[in-house]
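Colleague: If it helps, the file is called run_24.tsv and holds TSV, C-alpha atoms:
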```tsv
chain	number	residue	atom	x	y	z
R	1	MET	CA	7.75	92.51	101.92
R	2	ILE	CA	8.08	93.46	98.22
R	3	GLY	CA	11.38	92.32	96.78
R	4	GLY	CA	12.17	90.24	99.87
R	5	ALA	CA	13.80	86.83	99.63
R	6	TYR	CA	13.41	83.80	101.87
R	7	GLU	CA	15.89	81.03	102.50
R	8	ILE	CA	14.21	77.65	102.95
R	9	GLY	CA	15.74	75.24	105.46
R	10	ARG	CA	14.95	72.06	103.55
R	11	ASP	CA	16.00	69.64	106.29
R	12	LEU	CA	13.93	71.44	108.91
R	13	LEU	CA	11.00	71.67	106.55
R	14	LEU	CA	11.05	67.93	105.92
R	15	ARG	CA	10.90	67.30	109.67
R	16	LEU	CA	7.53	69.04	109.74
R	17	VAL	CA	6.04	67.02	106.91
R	18	ASP	CA	3.60	64.30	107.78
R	19	PRO	CA	5.24	60.88	107.27
R	20	ALA	CA	2.48	59.69	104.92
R	21	ALA	CA	2.74	62.84	102.79
R	22	LEU	CA	6.53	62.58	102.73
R	23	ARG	CA	6.43	58.97	101.52
R	24	ALA	CA	3.95	59.89	98.82
R	25	ALA	CA	6.13	62.79	97.65
R	26	LEU	CA	9.29	60.71	97.57
R	27	ALA	CA	7.56	57.97	95.62
R	28	GLN	CA	6.71	60.37	92.77
R	29	GLY	CA	10.27	60.37	91.37
R	30	VAL	CA	11.24	58.58	88.21
R	31	ASP	CA	11.28	54.85	88.86
R	32	GLY	CA	10.29	55.65	92.45
R	33	VAL	CA	12.53	55.62	95.50
R	34	ASP	CA	14.54	52.60	96.53
R	35	GLU	CA	12.33	50.49	98.77
R	36	ALA	CA	15.01	50.19	101.43
R	37	ILE	CA	15.34	53.99	101.65
R	38	ALA	CA	11.56	54.42	101.79
R	39	ALA	CA	11.29	51.79	104.54
R	40	GLU	CA	14.06	53.46	106.55
R	41	THR	CA	12.39	56.85	106.20
R	42	THR	CA	9.09	55.43	107.40
R	43	ALA	CA	10.73	53.74	110.38
R	44	ARG	CA	12.68	56.87	111.33
R	45	PHE	CA	9.60	59.07	111.36
R	46	GLY	CA	7.62	56.45	113.28
R	47	VAL	CA	10.20	56.18	116.05
R	48	MET	CA	10.87	59.92	116.28
R	49	ARG	CA	7.19	60.84	116.42
R	50	LYS	CA	6.60	58.40	119.28
R	51	LEU	CA	9.54	59.79	121.23
R	52	ILE	CA	8.83	63.47	120.63
R	53	GLU	CA	5.03	63.41	120.91
R	54	LEU	CA	4.36	60.86	123.66
R	55	PRO	CA	7.31	61.07	124.82
R	56	VAL	CA	7.78	57.33	125.41
R	57	CYS	CA	8.80	54.80	122.78
R	58	LEU	CA	8.01	51.24	123.90
R	59	TRP	CA	9.45	48.27	122.04
R	60	ALA	CA	6.05	46.59	122.18
R	61	ASP	CA	4.47	49.47	120.23
R	62	LEU	CA	6.96	49.40	117.35
R	63	THR	CA	6.61	47.67	114.01
R	64	PRO	CA	9.35	45.19	113.02
R	65	GLY	CA	10.86	47.86	110.76
R	66	GLU	CA	10.86	50.45	113.53
R	67	ARG	CA	12.50	48.00	115.96
R	68	ALA	CA	15.24	47.24	113.47
R	69	TYR	CA	15.84	50.93	112.80
R	70	LEU	CA	15.96	51.81	116.51
R	71	THR	CA	18.39	48.97	117.18
R	72	GLY	CA	20.75	50.08	114.45
R	73	GLN	CA	20.43	53.86	114.84
R	74	ARG	CA	19.94	54.26	118.58
R	75	HIS	CA	22.86	56.65	119.11
R	76	ARG	CA	21.75	58.90	116.26
R	77	ILE	CA	18.20	58.97	117.59
R	78	LEU	CA	19.37	59.85	121.10
R	79	ALA	CA	21.49	62.68	119.70
R	80	TRP	CA	18.58	64.02	117.61
R	81	CYS	CA	16.21	63.97	120.60
R	82	ALA	CA	18.69	65.78	122.82
R	83	GLU	CA	19.28	68.38	120.10
R	84	MET	CA	15.59	68.92	119.36
R	85	THR	CA	14.26	69.03	122.93
R	86	GLY	CA	17.13	69.48	125.37
R	87	TRP	CA	15.62	66.71	127.52
R	88	THR	CA	17.34	63.66	128.95
R	89	VAL	CA	16.80	60.34	127.16
R	90	GLU	CA	16.29	57.44	129.54
R	91	GLN	CA	16.96	53.95	128.20
R	92	ARG	CA	15.11	51.00	129.71
R	93	ALA	CA	14.56	47.37	128.78
R	94	GLU	CA	11.00	48.31	127.73
R	95	GLY	CA	12.10	51.15	125.45
R	96	LEU	CA	13.12	54.81	125.53
R	97	ALA	CA	11.66	57.83	127.28
R	98	LEU	CA	12.33	61.55	127.20
R	99	VAL	CA	12.54	62.92	130.74
R	100	LEU	CA	11.42	66.53	130.93
R	101	THR	CA	13.45	69.10	132.84
R	102	ASP	CA	10.44	71.31	133.57
R	103	GLU	CA	6.78	70.34	133.95
R	104	ASN	CA	5.83	73.43	131.93
R	105	GLU	CA	7.27	71.70	128.88
R	106	THR	CA	4.38	69.23	128.70
R	107	ASP	CA	0.66	69.75	128.13
R	108	VAL	CA	-0.22	67.19	130.83
R	109	PRO	CA	2.11	67.65	133.84
R	110	PHE	CA	1.67	65.02	136.53
R	111	PRO	CA	1.21	65.07	139.42
R	112	ARG	CA	0.03	68.63	139.90
R	113	LEU	CA	-0.89	70.16	143.24
R	114	ARG	CA	-4.58	69.37	143.10
R	115	ALA	CA	-6.87	66.76	144.63
R	116	VAL	CA	-7.59	64.91	141.38
R	117	ASP	CA	-3.90	64.35	140.70
R	118	PHE	CA	-3.29	63.24	144.28
R	119	ALA	CA	-6.16	60.75	144.12
R	120	THR	CA	-4.96	59.50	140.73
R	121	LEU	CA	-1.43	59.01	142.04
R	122	MET	CA	-2.72	57.01	145.00
R	123	VAL	CA	-5.02	54.92	142.79
R	124	LEU	CA	-2.10	54.19	140.46
R	125	ASP	CA	0.01	53.00	143.39
R	126	GLN	CA	-2.83	50.67	144.40
R	127	LEU	CA	-3.13	49.35	140.85
R	128	LEU	CA	0.59	48.60	140.66
R	129	SER	CA	0.22	46.26	143.62
R	130	ARG	CA	-3.03	44.72	142.34
R	131	GLN	CA	-2.09	43.83	138.75
R	132	ASP	CA	-1.72	40.14	137.93
R	133	THR	CA	1.43	38.46	136.63
R	134	ASP	CA	0.58	39.59	133.07
R	135	GLY	CA	0.14	43.20	134.16
R	136	LEU	CA	-3.64	43.05	133.73
R	137	LEU	CA	-6.41	44.53	135.87
R	138	ASP	CA	-10.12	43.86	135.77
R	139	ASP	CA	-12.84	46.37	136.63
R	140	GLY	CA	-13.19	44.90	140.12
R	141	ARG	CA	-9.60	45.76	140.97
R	142	LEU	CA	-10.09	49.28	139.68
R	143	ASP	CA	-13.18	49.66	141.85
R	144	ARG	CA	-11.41	48.38	144.96
R	145	ALA	CA	-8.41	50.62	144.38
R	146	ALA	CA	-10.61	53.72	144.09
R	147	ALA	CA	-12.60	52.77	147.19
R	148	GLU	CA	-9.43	52.15	149.20
R	149	VAL	CA	-8.00	55.56	148.27
R	150	ARG	CA	-11.21	57.44	149.06
R	151	VAL	CA	-11.47	55.85	152.50
R	152	ARG	CA	-7.79	56.14	153.41
R	153	TYR	CA	-7.44	59.76	152.30
R	154	HIS	CA	-10.99	60.98	152.88
R	155	LYS	CA	-9.80	64.37	154.17
R	156	ALA	CA	-8.07	65.05	150.85
R	157	MET	CA	-11.14	64.28	148.76
R	158	THR	CA	-12.79	67.38	147.32
R	159	ARG	CA	-16.43	67.74	146.32
R	160	GLU	CA	-15.81	66.18	142.91
R	161	LEU	CA	-14.29	63.07	144.58
R	162	GLN	CA	-16.96	62.25	147.14
R	163	THR	CA	-17.86	58.81	145.73
R	164	ASP	CA	-15.85	55.73	144.81
R	165	GLN	CA	-17.14	55.97	141.25
R	166	ALA	CA	-16.01	59.59	140.94
R	167	VAL	CA	-12.51	58.73	142.16
R	168	ARG	CA	-12.33	55.85	139.69
R	169	GLU	CA	-13.57	57.90	136.72
R	170	HIS	CA	-11.29	60.88	137.34
R	171	ALA	CA	-8.27	58.66	137.95
R	172	LEU	CA	-8.92	56.51	134.89
R	173	GLU	CA	-9.42	59.55	132.66
R	174	LEU	CA	-6.12	61.07	133.72
R	175	LEU	CA	-4.18	57.79	133.62
R	176	ARG	CA	-5.38	57.12	130.09
R	177	ALA	CA	-4.45	60.66	129.00
R	178	LEU	CA	-0.96	60.01	130.38
R	179	ASP	CA	-0.84	56.60	128.66
R	180	LEU	CA	-0.12	54.95	132.01
R	181	VAL	CA	-3.03	52.56	131.60
R	182	ARG	CA	-4.59	51.16	128.43
R	183	SER	CA	-7.77	49.33	127.66
R	184	ASP	CA	-7.04	45.73	126.70
R	185	GLY	CA	-9.36	45.64	123.71
R	186	GLU	CA	-12.95	44.55	124.20
R	187	THR	CA	-12.24	42.12	127.04
R	188	GLY	CA	-13.01	44.65	129.77
R	189	TRP	CA	-9.49	44.38	131.18
R	190	TRP	CA	-6.88	47.10	131.64
R	191	ARG	CA	-3.11	47.03	131.34
R	192	LEU	CA	-0.59	49.30	133.05
R	193	THR	CA	2.20	50.51	130.79
R	194	PRO	CA	5.85	50.21	131.93
R	195	ALA	CA	6.05	53.96	132.60
R	196	ALA	CA	3.52	53.55	135.43
R	197	ALA	CA	6.21	51.96	137.60
R	198	ARG	CA	7.94	55.36	137.86
R	199	PHE	CA	5.18	56.44	140.24
R	200	ARG	CA	5.37	53.45	142.61
R	201	ASP	CA	5.36	54.08	146.38
R	202	PRO	CA	4.78	57.85	146.40
R	203	LYS	CA	5.64	59.65	149.63
R	204	VAL	CA	2.60	61.29	151.22
R	205	VAL	CA	3.31	64.28	153.45
R	206	SER	CA	0.60	65.77	155.67
R	207	VAL	CA	0.65	69.56	155.66
R	208	THR	CA	-1.38	71.72	158.02
R	209	VAL	CA	-2.44	75.07	156.61
R	210	GLY	CA	-3.59	77.93	158.83
R	211	PHE	CA	-6.77	79.89	158.16
R	212	ASP	CA	-4.75	83.04	157.49
R	213	GLU	CA	-2.82	81.19	154.75
R	214	VAL	CA	-6.05	79.90	153.20
R	215	GLU	CA	-7.53	83.40	153.09
R	216	ASP	CA	-4.43	84.74	151.36
R	217	ARG	CA	-4.68	82.20	148.56
```
Using structure tokens, write down the structure from this file.

Modeller:
Amino acid sequence: MIGGAYEIGRDLLLRLVDPAALRAALAQGVDGVDEAIAAETTARFGVMRKLIELPVCLWADLTPGERAYLTGQRHRILAWCAEMTGWTVEQRAEGLALVLTDENETDVPFPRLRAVDFATLMVLDQLLSRQDTDGLLDDGRLDRAAAEVRVRYHKAMTRELQTDQAVREHALELLRALDLVRSDGETGWWRLTPAAARFRDPKVVSVTVGFDEVEDR
């Protein structure tokens, strides 16, 4: 409004700035910014963005600078994440992960109560047992996993999952969106990420629904 005044929260504002833009702005000072400070800023934003946006930060995905920063500032990073999200930070040998308290807090909750998610969960369990010693899977293993799931749980397959290829495509699309499986370059192989192991050996419960319940839904 006219005559109004605004107080700018500088620290909060800087958190919203794109890392590349922030580095460029800092570098405009006289004689520039100390290289060590600039490198630390870059590493901090890289680690925090992976944790907040993914929300998994794998050691294998970090640059040398980011690994060094995470090693030296782990406790600060854990405190920041808890303050910013309210989620639990889980520490593993492979890296860090933010564990959500409510599935509504993510844009891709998994598994949801729908056939595609069930089929994907079962395919993932098959893939975990079929990967080689390097964690790799070829297309043949993906095909066999999808076929096994469609045959074993044929009553749970909806119209969109009536073929082995459909089960494979839907499962692969969702697993890639969740970053549970990655394409291994142009070799035609696939690699499960460490987070995939969280979904090993899912418990399948058969539920019988009456016609009156179906009509009410």

Colleague: Taking all atoms listed in the file into account, name the residue in R:Ala79, R:Leu54, R:Val181, R:Leu172 that is nearest to R:Gln131.

Modeller: R:Val181

Colleague: From the list R:Ala177, R:Leu98, R:Ala156, R:Val47, which residue is nearest R:Pro64 when using all atoms listed in the file?

Modeller: R:Val47

Colleague: Would you mind telling me which residue in R:Ala97, R:Ala196, R:Ala82, R:Ala166 lies nearest to R:Leu124 when using only C-alpha atoms?

Modeller: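 That would be R:Ala196, the residue with the smallest distance to R:Leu124.
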
Colleague: With all atoms listed in the file as the atoms that count, which of R:Val167, R:Leu70, R:Val123, R:Ala146 lies nearest to R:Leu96?

Modeller: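 Ranked by minimum distance to R:Leu96, first place goes to R:Leu70.
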
Colleague: Taking all atoms listed in the file into account, which of R:Val108, R:Ala197, R:Ala93, R:Leu142 comes nearest R:Cys57?

Modeller: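 Of R:Val108, R:Ala197, R:Ala93, R:Leu142, the one nearest R:Cys57, counting all atoms listed in the file, is R:Ala93.
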
Colleague: So, counting only C-alpha atoms, which residue among R:Ala145, R:Ala119, R:Met48, R:Val205 is closest to R:Leu78?

Modeller: R:Met48

Colleague: Please, what distance in Å, to one decimal, runs between atom CA of R:Leu128 and atom CA of R:Glu173?

Modeller: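 Going from atom CA of R:Leu128 over to atom CA of R:Glu173 covers 16.9 Å.
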
Colleague: Give me, please, the distance in Å between atom CA of R:Arg182 and atom CA of R:Glu66, quoted to one decimal.

Modeller: 21.5 Å

Colleague: One decimal, Å: what's the distance from atom CA of R:Met84 over to atom CA of R:Val99, could you say?

Modeller: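 Distance reported for this atom pair: 13.2 Å.
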
Colleague: Set the distance at 12 Å and use all atoms listed in the file: which residues neighbour R:Thr187 once local chain neighbours fewer than 4 positions away are removed? I'd like the list as a list in words.

Modeller: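 Once the adjacent positions are removed, what remains is Leu136, Leu137, Asp138, Asp139, Arg182, Ser183 and Arg191 of chain R.
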
Colleague: Just the selected residues (C-alpha atoms), exported as a CSV table (one decimal), keeping the file's coordinate frame, please.

Modeller:
```csv
chain,number,residue,atom,x,y,z
R,136,LEU,CA,-3.6,43.0,133.7
R,137,LEU,CA,-6.4,44.5,135.9
R,138,ASP,CA,-10.1,43.9,135.8
R,139,ASP,CA,-12.8,46.4,136.6
R,182,ARG,CA,-4.6,51.2,128.4
R,183,SER,CA,-7.8,49.3,127.7
R,191,ARG,CA,-3.1,47.0,131.3
```

Colleague: Compile the contact shell of R:Arg198 as a list in words: residues with an atom at most 12 Å away, counting all atoms listed in the file, same-chain residues fewer than 4 positions apart removed.

Modeller: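 What passes the distance filter is Glu90, Arg92, Ala97, Val99, Phe110, Pro111, Leu121, Leu124, Asp125, Leu128, Leu180, Leu192, Thr193, Pro194 and Pro202 of chain R.
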